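Visitor: A single structure is presented below for examination.
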Amino acid sequence: MIDWVQGKNWIFDERVKNLWGWVKPDYGFVHVYALAMTLGILVSVIFCLWKFSRRGLNTMELSIAVIILVPIALMGASFFGKLNADGPGKHSGDAHGIQLLYFWKEGMAIHGGIYTSTFVGLIMFALLGKKTKVSLFTYMDAILPNILWGQVIGRWGNFFNHEVMGRPLYIYNGGQGSLKLPQWILNNTLAVYDGSANNPFGWVPGEIYQMNPIFLWESLSLLAVWIFFVLVVPFVIKLLGNKPWKINPDEYSFDLKFSFKKFFAPWSKSDKKTYKQVWDEAFVFNSNESNKVAYLEKIAKINSSNTNIVKKRWQSGKALVEANNPHHYTVIKAGFEGFAFFFGWNLVRFFLEMERPDDHLFIMYNKPLSLTIIGLTALIGLIGMILTQYGIPQLFRKPGYSYEKEYFGISTPTKQNSNRIILNKVKPAKQNKQAAKEQKALEKLKRLEK
């Protein structure tokens with residue numbers, strides 16, 4: 001890690017621009033950076049729709065969230081990107097006041113955009129989840145990891161702008177160097193040093209240097225993070241525990257070849273079952289009636305015990321989780337992928353932040369503070385990943401809510417039947433709302449009769 005300032009010390013003169021494969025920020029009326037940002041947002045939304053569809057969530061909720069949160073993210077990114085960009089107290093292009101929110105002008109900080117939109121988004125979906133009976137963690141899993149696609153694609157806009165590069169690695173020598181990358185990428189990450197000869201790094205004015213292409217490392221690393229936590233980890237975790245085809249091979253057998261075909265061509269049809277269909281039947285849609293009865297018996301024993309409130313809550317939550325997973329399958333629980341996003345994204349950014357110049361940090365000209373915030377965010381993500389697997393499910397889950405699967409619901413006891421808790425299946429949001437209205441009307445009628 002070194003402290004250095006890019007400023008106007010590094011330029012692209014004709015010696016660099018005349019190299020093979022040189023790219024430009026603009027091609028006619030097409031501004032590549034804006035195009036990459038837009039494409040990144042669209043791909044992120046597409047994968048969010050995919051996750052919403054797989055979880056059976058209402059896509060209209062996502063549409064409303066996109067309309068509200070994308071502008072907030074852009075303004076947050078603009079504010080932190082322009083703040084102190086030209087030095088402590090000197091904002092980008094003399095922007096001040098409302099001009100710090102002008103996201104259509106240069107100066108964007110991805111952390112500012114994600115922090116602001118996540119804060120607002122968590123409040124929105126927490127309130128929405130109370131009505132839809134969907135856990136906030138379920139919404140997090142369906143949205144947050146896919147934000148990575150915006151950075152995976154958007155960083156290539158930085159490439160066309162010849163920005164987001166780390167410290168100089170070595171003097172350019174006709175393509176000879178330690179970096180083994182395609183030549184067109186190397187040629188477009190060169191810069192001429194135009195600063196003072198009196199510098200602590202030995203940089204020579206007028207020399208062409210190969211800059212560290214951290215835009216590329218970030219793009220590839222975040223793609224790997226998405227693949228690992230969204231596709232690989234859930235698949236591997238399932239295979240480590242009980243498997244449906246081992247418990248009941250006659251009912252839960254699947255065809256591997258058709259599973260691959262169905263994944264890449266969802267419209268394909270066959271009498272054979274896919275890997276996903278088997279897991280859906282065995283876990284997602286499996287609510288064993290005998291396990292529900294056993295759950296109520298456990299709850300009755302727990303409530304009649306003399307243990308403290310925390311222990312009762314833990315035991316009750318554990319009973320609920322086990323009742324909704326009768327064969328004890330090992331699965332990734334709701335919230336894991338959402339927290340994994342914060343962990344993976346900030347872990348990558350922490351190491352790349354060490355390479356960035358002081359005038360391109362998240363917190364401009366304050367590398368210790370910038371690294372501290374990024375490191376703490378990664379730590380929060382790691383702790384969240386652990387707690388969503390061990391702790392939160394036992395302490396905070398409720399019947400009738402949707403987590404990694406839809407939990408069965410139970411009705412509350414009435415005065416006429418105070419010793420019984422009646423089981424019912426989880427209903428869609430509209431039916432739940434109607435049932436609540438009917439219950440409220442019934443209670444009002446009883447009060448009037450008295």
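Identifiers in the structure tokens: chain A, B, ... in order shown; residue index from 1 per chain; ligand index from 1 in order shown.
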Give me every strand (DSSP E or B) residue in segment 204-329 of chain A, going by DSSP on the backbone, as JSON, numbers by chain.

Guide: {"A": [208, 209, 210, 211]}

Visitor: Using DSSP assignments from the backbone, pull out every residue in segment 114-216 of chain A that falls under alpha helix (DSSP H) and give it to me as a PyMOL selection string.

Guide: chain A and resi 114-132+136-143+148-160+183-187+214-216

Visitor: I need the chosen residues saved as a tab-separated table (two decimals), in the first residue's frame, with N, CA and C atoms.

Guide:
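Output below, filename again-v2.tsv:
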chain	number	residue	atom	x	y	z
A	114	ILE	N	-24.45	2.59	-3.20
A	114	ILE	CA	-24.97	1.37	-2.59
A	114	ILE	C	-25.38	1.60	-1.14
A	115	TYR	N	-24.58	2.36	-0.40
A	115	TYR	CA	-24.94	2.62	0.99
A	115	TYR	C	-26.27	3.37	1.10
A	116	THR	N	-26.45	4.40	0.31
A	116	THR	CA	-27.68	5.19	0.40
A	116	THR	C	-28.90	4.39	-0.06
A	117	SER	N	-28.78	3.69	-1.19
A	117	SER	CA	-29.94	2.93	-1.70
A	117	SER	C	-30.25	1.73	-0.81
A	118	THR	N	-29.23	1.10	-0.21
A	118	THR	CA	-29.46	-0.02	0.70
A	118	THR	C	-30.19	0.44	1.95
A	119	PHE	N	-29.80	1.58	2.49
A	119	PHE	CA	-30.46	2.11	3.69
A	119	PHE	C	-31.94	2.34	3.43
A	120	VAL	N	-32.27	2.98	2.32
A	120	VAL	CA	-33.67	3.25	1.99
A	120	VAL	C	-34.39	1.94	1.64
A	121	GLY	N	-33.70	1.06	0.91
A	121	GLY	CA	-34.31	-0.19	0.49
A	121	GLY	C	-34.66	-1.09	1.66
A	122	LEU	N	-33.80	-1.16	2.67
A	122	LEU	CA	-34.08	-1.99	3.83
A	122	LEU	C	-35.34	-1.51	4.55
A	123	ILE	N	-35.50	-0.21	4.67
A	123	ILE	CA	-36.70	0.34	5.31
A	123	ILE	C	-37.94	-0.01	4.48
A	124	MET	N	-37.86	0.18	3.17
A	124	MET	CA	-38.99	-0.10	2.28
A	124	MET	C	-39.43	-1.55	2.38
A	125	PHE	N	-38.49	-2.48	2.25
A	125	PHE	CA	-38.85	-3.89	2.21
A	125	PHE	C	-39.18	-4.44	3.60
A	126	ALA	N	-38.68	-3.82	4.65
A	126	ALA	CA	-39.07	-4.23	6.00
A	126	ALA	C	-40.54	-3.92	6.22
A	127	LEU	N	-40.98	-2.74	5.79
A	127	LEU	CA	-42.39	-2.37	5.92
A	127	LEU	C	-43.27	-3.20	4.99
A	128	LEU	N	-42.78	-3.42	3.77
A	128	LEU	CA	-43.54	-4.21	2.80
A	128	LEU	C	-43.70	-5.65	3.27
A	129	GLY	N	-42.63	-6.21	3.86
A	129	GLY	CA	-42.66	-7.59	4.30
A	129	GLY	C	-43.71	-7.88	5.35
A	130	LYS	N	-44.06	-6.87	6.15
A	130	LYS	CA	-45.11	-7.07	7.15
A	130	LYS	C	-46.47	-7.32	6.50
A	131	LYS	N	-46.66	-6.75	5.32
A	131	LYS	CA	-47.92	-6.96	4.61
A	131	LYS	C	-47.91	-8.23	3.76
A	132	THR	N	-46.78	-8.50	3.12
A	132	THR	CA	-46.69	-9.64	2.22
A	132	THR	C	-46.29	-10.93	2.93
A	136	LEU	N	-37.55	-9.88	5.34
A	136	LEU	CA	-36.63	-8.90	4.77
A	136	LEU	C	-35.39	-9.60	4.20
A	137	PHE	N	-34.95	-10.67	4.86
A	137	PHE	CA	-33.78	-11.41	4.40
A	137	PHE	C	-34.03	-12.06	3.03
A	138	THR	N	-35.26	-12.48	2.79
A	138	THR	CA	-35.61	-13.08	1.49
A	138	THR	C	-35.49	-12.04	0.38
A	139	TYR	N	-35.97	-10.83	0.64
A	139	TYR	CA	-35.82	-9.75	-0.33
A	139	TYR	C	-34.34	-9.41	-0.54
A	140	MET	N	-33.56	-9.39	0.53
A	140	MET	CA	-32.13	-9.11	0.41
A	140	MET	C	-31.44	-10.11	-0.51
A	141	ASP	N	-31.75	-11.39	-0.33
A	141	ASP	CA	-31.13	-12.43	-1.16
A	141	ASP	C	-31.49	-12.26	-2.63
A	142	ALA	N	-32.71	-11.79	-2.90
A	142	ALA	CA	-33.19	-11.69	-4.28
A	142	ALA	C	-32.64	-10.46	-4.99
A	143	ILE	N	-32.14	-9.48	-4.23
A	143	ILE	CA	-31.74	-8.21	-4.85
A	143	ILE	C	-30.24	-7.93	-4.71
A	148	LEU	N	-23.93	-6.65	-7.99
A	148	LEU	CA	-22.56	-6.87	-8.46
A	148	LEU	C	-22.45	-6.77	-9.98
A	149	TRP	N	-23.51	-7.16	-10.67
A	149	TRP	CA	-23.47	-7.10	-12.14
A	149	TRP	C	-23.32	-5.66	-12.65
A	150	GLY	N	-23.86	-4.71	-11.90
A	150	GLY	CA	-23.69	-3.32	-12.29
A	150	GLY	C	-22.23	-2.92	-12.29
A	151	GLN	N	-21.45	-3.44	-11.33
A	151	GLN	CA	-20.03	-3.13	-11.26
A	151	GLN	C	-19.22	-3.98	-12.24
A	152	VAL	N	-19.62	-5.24	-12.39
A	152	VAL	CA	-18.91	-6.11	-13.33
A	152	VAL	C	-18.92	-5.51	-14.73
A	153	ILE	N	-20.06	-5.00	-15.15
A	153	ILE	CA	-20.19	-4.40	-16.50
A	153	ILE	C	-19.76	-2.93	-16.49
A	154	GLY	N	-20.14	-2.21	-15.45
A	154	GLY	CA	-19.85	-0.78	-15.41
A	154	GLY	C	-18.37	-0.45	-15.40
A	155	ARG	N	-17.54	-1.33	-14.84
A	155	ARG	CA	-16.10	-1.05	-14.80
A	155	ARG	C	-15.49	-0.98	-16.20
A	156	TRP	N	-16.13	-1.60	-17.18
A	156	TRP	CA	-15.61	-1.50	-18.54
A	156	TRP	C	-15.87	-0.11	-19.14
A	157	GLY	N	-16.83	0.60	-18.59
A	157	GLY	CA	-16.99	2.01	-18.96
A	157	GLY	C	-15.80	2.81	-18.47
A	158	ASN	N	-15.30	2.47	-17.27
A	158	ASN	CA	-14.08	3.11	-16.77
A	158	ASN	C	-12.89	2.81	-17.66
A	159	PHE	N	-12.85	1.61	-18.23
A	159	PHE	CA	-11.76	1.23	-19.13
A	159	PHE	C	-11.74	2.14	-20.36
A	160	PHE	N	-12.90	2.40	-20.93
A	160	PHE	CA	-12.97	3.27	-22.10
A	160	PHE	C	-12.64	4.72	-21.75
A	183	GLN	N	-2.94	-7.51	-25.35
A	183	GLN	CA	-2.19	-6.29	-25.61
A	183	GLN	C	-3.09	-5.06	-25.67
A	184	TRP	N	-4.32	-5.20	-26.15
A	184	TRP	CA	-5.21	-4.03	-26.26
A	184	TRP	C	-5.62	-3.53	-24.88
A	185	ILE	N	-5.64	-4.42	-23.88
A	185	ILE	CA	-5.92	-3.97	-22.52
A	185	ILE	C	-4.69	-3.27	-21.95
A	186	LEU	N	-3.53	-3.84	-22.17
A	186	LEU	CA	-2.29	-3.21	-21.68
A	186	LEU	C	-2.08	-1.84	-22.30
A	187	ASN	N	-2.32	-1.73	-23.61
A	187	ASN	CA	-2.11	-0.46	-24.30
A	187	ASN	C	-3.03	0.64	-23.77
A	214	ILE	N	-6.69	-2.03	-12.20
A	214	ILE	CA	-7.55	-2.54	-11.14
A	214	ILE	C	-9.03	-2.56	-11.54
A	215	PHE	N	-9.40	-1.80	-12.59
A	215	PHE	CA	-10.77	-1.90	-13.10
A	215	PHE	C	-11.05	-3.33	-13.53
A	216	LEU	N	-10.04	-3.96	-14.16
A	216	LEU	CA	-10.17	-5.33	-14.66
A	216	LEU	C	-10.23	-6.32	-13.50

Visitor: Skipping near chain neighbours, those fewer than 6 positions away, what residues fall within 10 Å of segment 255-266 of chain A using only C-alpha atoms, listed as a list of chain:residue names?

Guide: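 My reading of the contact set: A:Lys272, A:Lys273, A:Thr274, A:Tyr275, A:Lys276, A:Gln277, A:Val278.
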
Visitor: Okay, now the selection with C-alpha atoms, as a CSV table (one decimal), in the first residue's frame?

Guide:
chain,number,residue,atom,x,y,z
A,272,LYS,CA,-38.3,-36.4,-16.4
A,273,LYS,CA,-37.7,-34.2,-13.4
A,274,THR,CA,-34.9,-31.7,-13.0
A,275,TYR,CA,-32.6,-31.2,-10.1
A,276,LYS,CA,-34.5,-28.0,-9.1
A,277,GLN,CA,-37.9,-29.8,-9.4
A,278,VAL,CA,-36.8,-32.5,-7.0

Visitor: Each residue of segment 100-189 of chain A with at least one atom at most 9 Å from segment 362-381 of chain A should appear once, together with its nearest atom pair and the corresponding distance in Å (one decimal); atoms considered: only C-alpha atoms; ordering: chain, then increasing residue number; output as JSON lines.

Guide:
{"residue": "A:Ala109", "atom": "CA", "partner": "A:Phe362", "partner_atom": "CA", "distance": 6.3}
{"residue": "A:Ile110", "atom": "CA", "partner": "A:Phe362", "partner_atom": "CA", "distance": 8.1}
{"residue": "A:His111", "atom": "CA", "partner": "A:Phe362", "partner_atom": "CA", "distance": 6.7}
{"residue": "A:Gly112", "atom": "CA", "partner": "A:Phe362", "partner_atom": "CA", "distance": 7.8}

Visitor: Given the selection you just returned, output its residues as a file containing N, CA and C atoms, formatted as a PDB file, in the first residue's frame.

Guide:
ATOM      1  N   ALA A 109     -19.067   7.612  -6.910  1.00  0.00           N
ATOM      2  CA  ALA A 109     -18.473   6.668  -5.960  1.00  0.00           C
ATOM      3  C   ALA A 109     -19.498   5.565  -5.707  1.00  0.00           C
ATOM      4  N   ILE A 110     -19.178   4.339  -6.138  1.00  0.00           N
ATOM      5  CA  ILE A 110     -20.130   3.244  -6.063  1.00  0.00           C
ATOM      6  C   ILE A 110     -20.556   2.963  -4.625  1.00  0.00           C
ATOM      7  N   HIS A 111     -19.634   3.124  -3.664  1.00  0.00           N
ATOM      8  CA  HIS A 111     -19.999   2.877  -2.270  1.00  0.00           C
ATOM      9  C   HIS A 111     -21.087   3.840  -1.798  1.00  0.00           C
ATOM     10  N   GLY A 112     -20.977   5.085  -2.193  1.00  0.00           N
ATOM     11  CA  GLY A 112     -21.996   6.052  -1.803  1.00  0.00           C
ATOM     12  C   GLY A 112     -23.360   5.676  -2.342  1.00  0.00           C
TER      13      GLY A 112
END

Visitor: Can you tell me which residues surround Ser196 of chain A at a distance of at most 9 Å, considering only C-alpha atoms, apart from same-chain residues fewer than 5 positions away, and format the answer as a ChimeraX atom specification?

Guide: /A:9,203-205

Visitor: One decimal, in Å: what's the spacing between atom CA of Asn146 of chain A and atom CA of Pro71 of chain A?

Guide: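 Computing it gives 17.1 Å between the two atoms.
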
Visitor: Using only C-alpha atoms, pick whichever of A:Leu39, A:Ala319, A:Leu190, A:Val331 has the shortest atom-to-atom distance to Lys301 of chain A.

Guide: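 Smallest distance to Lys301 of chain A is found for A:Ala319.
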
Visitor: Quick one: distance from atom CA of Leu100 of chain A to atom CA of Leu83 of chain A in Å, one decimal?

Guide: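 These two atoms are separated by 7.1 Å.
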
Visitor: Mind giving me the straight-line distance from atom CA of Tyr33 of chain A to atom CA of Leu231 of chain A in Å, one decimal?

Guide: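 Atom-to-atom, atom CA of Tyr33 of chain A to atom CA of Leu231 of chain A, that is 28.7 Å.
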
Visitor: Compile the contact shell of Trp245 of chain A as a PyMOL selection string: residues with an atom at most 9 Å away, counting only C-alpha atoms, same-chain residues fewer than 6 positions apart removed.

Guide: chain A and resi 251-254+278

Visitor: With segment 332-335 of chain A as the partner and 12 Å as the cut-off, tabulate the residues of segment 239-318 of chain A that qualify, each row holding the nearest pair of atoms and their distance in Å to one decimal, using only C-alpha atoms, sorted by chain and rising number, as a Markdown table.

Guide:
| residue | atom | partner | partner_atom | distance |
| --- | --- | --- | --- | --- |
| A:Leu239 | CA | A:Ile332 | CA | 11.4 |
| A:Leu240 | CA | A:Ile332 | CA | 11.5 |
| A:Gly241 | CA | A:Ile332 | CA | 11.4 |

Visitor: Export C-alpha atoms of the chosen residues as a PDB file, in the first residue's frame?

Guide:
ATOM      1  CA  LEU A 239     -24.884 -31.880  -1.557  1.00  0.00           C
ATOM      2  CA  LEU A 240     -23.083 -32.001   1.808  1.00  0.00           C
ATOM      3  CA  GLY A 241     -26.194 -33.003   3.759  1.00  0.00           C
TER       4      GLY A 241
END
